[in-house]
Amino acid sequence: MTMTDGVTLLRGKRIILGVTGSIAVYKAVDLASKLTQTGALVDVIMTDAAQKFVTPLTFGAVTGRAVYTSMWQTDSGSGLPTHIAHVGLGEGAALYVIAPATADALARLAHGFAGDLLAVTALAARCPLVIAPAMDAGMYAHPAVQANVRTLVERGAYLIEPDEGRFASGLHGKGRFPETPALIGAIRAALGRGGNLEGRRVVVTAGGTREALDPVRYITNRSSGKQGYALAQAALDAGAQVTLITSADLHPPYGADVIRVGSAQELHDATMRETIRADALIMAAAVADFRPAAAAEHKIKKGEGDAGLTIQLERNPDILAAVAARRERSGSPRVLVGFAAESRDVVAYGQEKLARKRLDLLVANDISAVDAGFETDTNRVILISRDAVEPLDLMSKAHVSETVIERVAQLLT
Ligand code: PMT
């Protein structure tokens with residue numbers, strides 16, 4: 001999965017990017033570029049101080065749109081009603097992101113100043129405001145700055161906390177402008193507020209489990225975790241609170257609570273615990289059906305296998321079946337989604353799994369295809385429910401996930 005996958009949430013959305021005077025402006029150029037690549041329409045407003053670091057031409061080149069620098073600008077060339085620029089920019093915008101936001105900008109926003117285009121647009125716009133402060137750690141910790149941040153958050157602004165680390169000054173502390181993937185993740189989370197899974201708790205499992213043979217070796221499978229991570233991102237985009245239980249090493253989506261596991265037994269224990277109060281469980285993990293009956297305490301030596309090495313396997317618990325059995329008594333999670341990795345008779349095996357594991361929806365994928373199933377960025381799935389079989393075209397795992405999440409939302413209403 002790349003961070004610009006699953007772009008439906010951003011595609012065609014107009015985002016105002018307010019850029020203020022910080023050395024981090026160069027990173028805001030990358031943010032503007034990546035947002036544009038997702039399909040968002042990015043209108044950049046630069047303060048005078050921001051233009052000391054980067055010129056409007058740079059932002060215009062990556063967004064392909066006019067860049068706004070003055071309240072008195074009347075001709076943008078972009079078709080916006082810019083004779084009253086601040087009103088025209090705010091109108092129809094999905095989000096106003098101020099990144100990087102300096103201490104000065106935060107103070108002006110908190111106190112409702114309207115002396116430049118960036119500040120006056122914040123007063124005129126009706127869309128949610130996102131602030132990404134960036135400054136020296138001592139400045140960020142100052143009570144005046146913290147009070148301004150608090151005021152903005154209390155008023156409904158979405159705060160992207162700065163990172164801790166090294167500053168251009170050579171000092172260390174909290175105040176660094178986050179990297180683009182985190183910024184995009186936070187912007188997605190802000191846009192996802194009020195989505196069709198708002199207030200819902202969704203647990204997603206991802207990756208292939210690892211069954212230990214000895215302290216250095218394990219049995220696993222080809223699952224990369226891409227499908228599960230894309231599902232977690234799609235659930236976040238829909239406004240859900242997401243717990244991702246994973247044995248994969250991918251970078252998790254912004255905003256997910258991540259629980260790392262290794263074996264099927266660990267996955268079982270975490271899933272049982274996390275689904276007690278969940279609305280939905282989506283099991284995309286490739287769970288080993290068997291594990292070595294006893295993992296060797298010490299590394300198995302070559303000599304021990306001279307006459308051939310036999311590994312005794314025993315069954316792992318069926319996690320979905322265990323959650324479904326508990327649901328009979330507790331009623332939750334209300335929605336159970338399983339996957340089926342099949343190489344033949346995909347629909348028949350899928351229908352059998354749906355019934356045996358007492359699921360609401362089963363996502364069957366043909367893992368013998370080169371462009372679907374394990375490790376690929378695309379998947380070709382068949383959605384199987386008690387009364388329907390719906391084959392979907394080949395599409396990105398992000399788009400498969402959006403479709404599955406839509407079904408989960410429907411099942412929950
Ligand atoms: O991770 P990727 O590289 O992106 O690949 C994605 C995928 C192919 C792994 C994914 O799309 C997928 O098919 N996941 C399910 C793999 C699997 O274990 O299928 P299964 O047919 O063996 O199991 C059926 C269902 O029961 C699955 O939801 C599985 O999570 C669950 N199961 C299986 C065994 C077990 N002991 N407990 C379970 O709960």
# chains A, B, ... in the order shown; residues from 1 in each chain; ligands from 1
>>> residues_around(residues="Val347 of chain A", least_positions_apart="2", cutoff="8 Å", atoms="only C-alpha atoms", output="list of chain:residue names")
A:Asp345, A:Tyr349, A:Gly350, A:Gln351, A:Ala364, A:Ile382, A:Ile384, A:Val389
>>> residues_near_ligand(ligand="ligand 1", cutoff="6 Å", atoms="only C-alpha atoms and all ligand atoms", output="PyMOL selection string")
chain A and resi 207+223-227+283-289+316-320+338-341+365+373-375
>>> residues_around(residues="Arg386 of chain A", least_positions_apart="2", cutoff="8 Å", atoms="only C-alpha atoms", output="PyMOL selection string")
chain A and resi 351+354-355+360-361+384+388
>>> closest_residue(among="A:Ala264, A:Ala32, A:Leu383, A:Leu118", to="Thr246 of chain A", atoms="only C-alpha atoms")
A:Ala264
>>> select_by_dssp(residues="segment 208-329 of chain A", states="alpha helix (DSSP H)", output="MDAnalysis selection string")
chainID A and resid 226:237 264:274 319:329
>>> atom_distance(atom1="atom CA of Leu152 of chain A", atom2="atom CA of Ser33 of chain A")
26.7 Å
>>> residues_around(residues="Ser70 of chain A", least_positions_apart="5", cutoff="9 Å", atoms="only C-alpha atoms", output="ChimeraX atom specification")
/A:45-48,85,116-118
>>> select_by_dssp(residues="segment 116-285 of chain A", states="strand (DSSP E or B)", output="PyMOL selection string")
chain A and resi 129-133+158-159+163-166+172-176+201-206+208+211-212+218-219+241-246+257-260+280-283
>>> write_last_selection(atoms="C-alpha atoms", output="PDB file, in the first residue's frame")
ATOM      1  CA  LEU A 129      -9.657  23.689  10.354  1.00  0.00           C
ATOM      2  CA  VAL A 130      -6.506  21.561  10.723  1.00  0.00           C
ATOM      3  CA  ILE A 131      -3.381  23.037  12.327  1.00  0.00           C
ATOM      4  CA  ALA A 132       0.109  21.554  12.142  1.00  0.00           C
ATOM      5  CA  PRO A 133       2.360  23.661  14.410  1.00  0.00           C
ATOM      6  CA  TYR A 158      -7.967  19.334  14.483  1.00  0.00           C
ATOM      7  CA  LEU A 159      -4.424  19.414  15.880  1.00  0.00           C
ATOM      8  CA  ASP A 163       7.147  15.404  16.178  1.00  0.00           C
ATOM      9  CA  GLU A 164      10.050  15.197  18.561  1.00  0.00           C
ATOM     10  CA  GLY A 165      13.535  15.283  17.079  1.00  0.00           C
ATOM     11  CA  ARG A 166      16.338  17.455  15.773  1.00  0.00           C
ATOM     12  CA  HIS A 172      16.314  18.585  20.034  1.00  0.00           C
ATOM     13  CA  GLY A 173      12.742  18.563  21.333  1.00  0.00           C
ATOM     14  CA  LYS A 174       9.045  18.593  20.338  1.00  0.00           C
ATOM     15  CA  GLY A 175       8.062  21.002  17.596  1.00  0.00           C
ATOM     16  CA  ARG A 176       9.216  19.394  14.348  1.00  0.00           C
ATOM     17  CA  ARG A 201     -15.132   0.334  16.709  1.00  0.00           C
ATOM     18  CA  VAL A 202     -13.633  -1.880  14.020  1.00  0.00           C
ATOM     19  CA  VAL A 203     -10.979  -4.551  14.589  1.00  0.00           C
ATOM     20  CA  VAL A 204      -8.915  -5.583  11.551  1.00  0.00           C
ATOM     21  CA  THR A 205      -6.351  -8.410  11.479  1.00  0.00           C
ATOM     22  CA  ALA A 206      -3.501  -8.470   8.959  1.00  0.00           C
ATOM     23  CA  GLY A 208       0.654 -14.078   8.055  1.00  0.00           C
ATOM     24  CA  GLU A 211       4.702 -20.397  14.218  1.00  0.00           C
ATOM     25  CA  ALA A 212       8.003 -20.942  16.013  1.00  0.00           C
ATOM     26  CA  TYR A 218       9.309 -20.100  12.166  1.00  0.00           C
ATOM     27  CA  ILE A 219       6.690 -21.376   9.717  1.00  0.00           C
ATOM     28  CA  GLN A 241     -12.004   3.874  15.645  1.00  0.00           C
ATOM     29  CA  VAL A 242      -9.698   1.147  14.360  1.00  0.00           C
ATOM     30  CA  THR A 243      -7.620  -1.500  16.106  1.00  0.00           C
ATOM     31  CA  LEU A 244      -5.177  -3.212  13.765  1.00  0.00           C
ATOM     32  CA  ILE A 245      -3.852  -6.550  15.033  1.00  0.00           C
ATOM     33  CA  THR A 246      -0.916  -7.431  12.836  1.00  0.00           C
ATOM     34  CA  ASP A 257      -4.322   1.495  17.465  1.00  0.00           C
ATOM     35  CA  VAL A 258      -1.766  -1.134  16.552  1.00  0.00           C
ATOM     36  CA  ILE A 259      -1.234  -4.444  18.354  1.00  0.00           C
ATOM     37  CA  ARG A 260       1.700  -6.517  17.125  1.00  0.00           C
ATOM     38  CA  ALA A 280     -17.108  -5.323  13.584  1.00  0.00           C
ATOM     39  CA  LEU A 281     -14.250  -7.758  13.078  1.00  0.00           C
ATOM     40  CA  ILE A 282     -12.569  -8.093   9.678  1.00  0.00           C
ATOM     41  CA  MET A 283     -10.225 -11.092   9.545  1.00  0.00           C
TER      42      MET A 283
END
>>> closest_atom_pairs(of="segment 23-79 of chain A", to="segment 188-194 of chain A", cutoff="12 Å", atoms="only C-alpha atoms", output="tab-separated table")
residue	atom	partner	partner_atom	distance
A:Leu35	CA	A:Arg188	CA	10.4
A:Thr38	CA	A:Arg188	CA	11.1
A:Ala40	CA	A:Arg188	CA	11.3
>>> atom_distance(atom1="atom CA of Ala278 of chain A", atom2="atom CA of Ile160 of chain A")
26.4 Å
>>> residues_around(residues="segment 94-111 of chain A", least_positions_apart="5", cutoff="9 Å", atoms="only C-alpha atoms", output="PyMOL selection string")
chain A and resi 13-25+27-28+31+118-123+125-135+139-140+144-145+147-152+177+183+187+190-191
>>> atom_distance(atom1="atom CA of Arg380 of chain A", atom2="atom CA of Thr209 of chain A")
22.7 Å
>>> closest_residue(among="A:Val216, A:Leu89, A:Ala186, A:Leu336", to="Pro253 of chain A", atoms="only C-alpha atoms")
A:Ala186
>>> closest_residue(among="A:Thr55, A:Thr376, A:Thr69, A:Thr180", to="Arg222 of chain A", atoms="only C-alpha atoms")
A:Thr376
>>> residues_around(residues="Thr63 of chain A", least_positions_apart="3", cutoff="10 Å", atoms="only C-alpha atoms", output="PyMOL selection string")
chain A and resi 29+32-37+40-44+57-60+66-67
>>> write_last_selection(atoms="C-alpha atoms", output="compact mmCIF listing (two decimals), in the first residue's frame")
# COMPACT_ATOMS: atom_id res chain seq x y z
CA VAL A 29 5.68 21.64 -0.89
CA ALA A 32 0.90 19.94 -1.55
CA SER A 33 2.34 17.66 -4.23
CA LYS A 34 1.17 14.40 -2.58
CA LEU A 35 -2.30 15.80 -1.89
CA THR A 36 -2.54 16.80 -5.54
CA GLN A 37 -1.44 13.30 -6.60
CA ALA A 40 -7.31 16.71 -4.21
CA LEU A 41 -7.57 20.28 -5.55
CA VAL A 42 -5.08 22.21 -3.45
CA ASP A 43 -5.38 26.00 -3.15
CA VAL A 44 -2.31 27.37 -1.40
CA LEU A 57 5.86 29.48 -8.20
CA THR A 58 7.01 26.31 -6.43
CA PHE A 59 3.58 25.58 -4.97
CA GLY A 60 1.88 26.53 -8.23
CA ALA A 66 -3.15 29.54 -8.58
CA VAL A 67 -1.34 30.43 -5.36
>>> closest_residue(among="A:Glu342, A:Glu198, A:Glu154, A:Asp279", to="Val363 of chain A", atoms="only C-alpha atoms")
A:Glu342
>>> residues_around(residues="Lys299 of chain A", least_positions_apart="6", cutoff="10 Å", atoms="only C-alpha atoms", output="list in words")
Leu213, Asp214, Pro215, Val216 and Arg217 of chain A
>>> write_last_selection(atoms="N, CA, C and O atoms", output="PDB file, in the first residue's frame")
ATOM      1  N   LEU A 213       9.513 -22.697  15.317  1.00  0.00           N
ATOM      2  CA  LEU A 213      10.109 -24.038  15.339  1.00  0.00           C
ATOM      3  C   LEU A 213      11.164 -24.122  16.436  1.00  0.00           C
ATOM      4  O   LEU A 213      11.311 -25.127  17.111  1.00  0.00           O
ATOM      5  N   ASP A 214      11.920 -23.040  16.540  1.00  0.00           N
ATOM      6  CA  ASP A 214      12.950 -22.909  17.574  1.00  0.00           C
ATOM      7  C   ASP A 214      13.175 -21.407  17.749  1.00  0.00           C
ATOM      8  O   ASP A 214      12.444 -20.609  17.148  1.00  0.00           O
ATOM      9  N   PRO A 215      14.142 -20.960  18.541  1.00  0.00           N
ATOM     10  CA  PRO A 215      14.245 -19.509  18.791  1.00  0.00           C
ATOM     11  C   PRO A 215      14.570 -18.680  17.546  1.00  0.00           C
ATOM     12  O   PRO A 215      14.434 -17.459  17.564  1.00  0.00           O
ATOM     13  N   VAL A 216      15.037 -19.300  16.433  1.00  0.00           N
ATOM     14  CA  VAL A 216      15.411 -18.505  15.261  1.00  0.00           C
ATOM     15  C   VAL A 216      14.551 -18.782  14.025  1.00  0.00           C
ATOM     16  O   VAL A 216      14.625 -18.040  13.049  1.00  0.00           O
ATOM     17  N   ARG A 217      13.745 -19.834  14.047  1.00  0.00           N
ATOM     18  CA  ARG A 217      13.018 -20.208  12.817  1.00  0.00           C
ATOM     19  C   ARG A 217      11.524 -20.280  13.080  1.00  0.00           C
ATOM     20  O   ARG A 217      11.100 -20.619  14.195  1.00  0.00           O
TER      21      ARG A 217
END
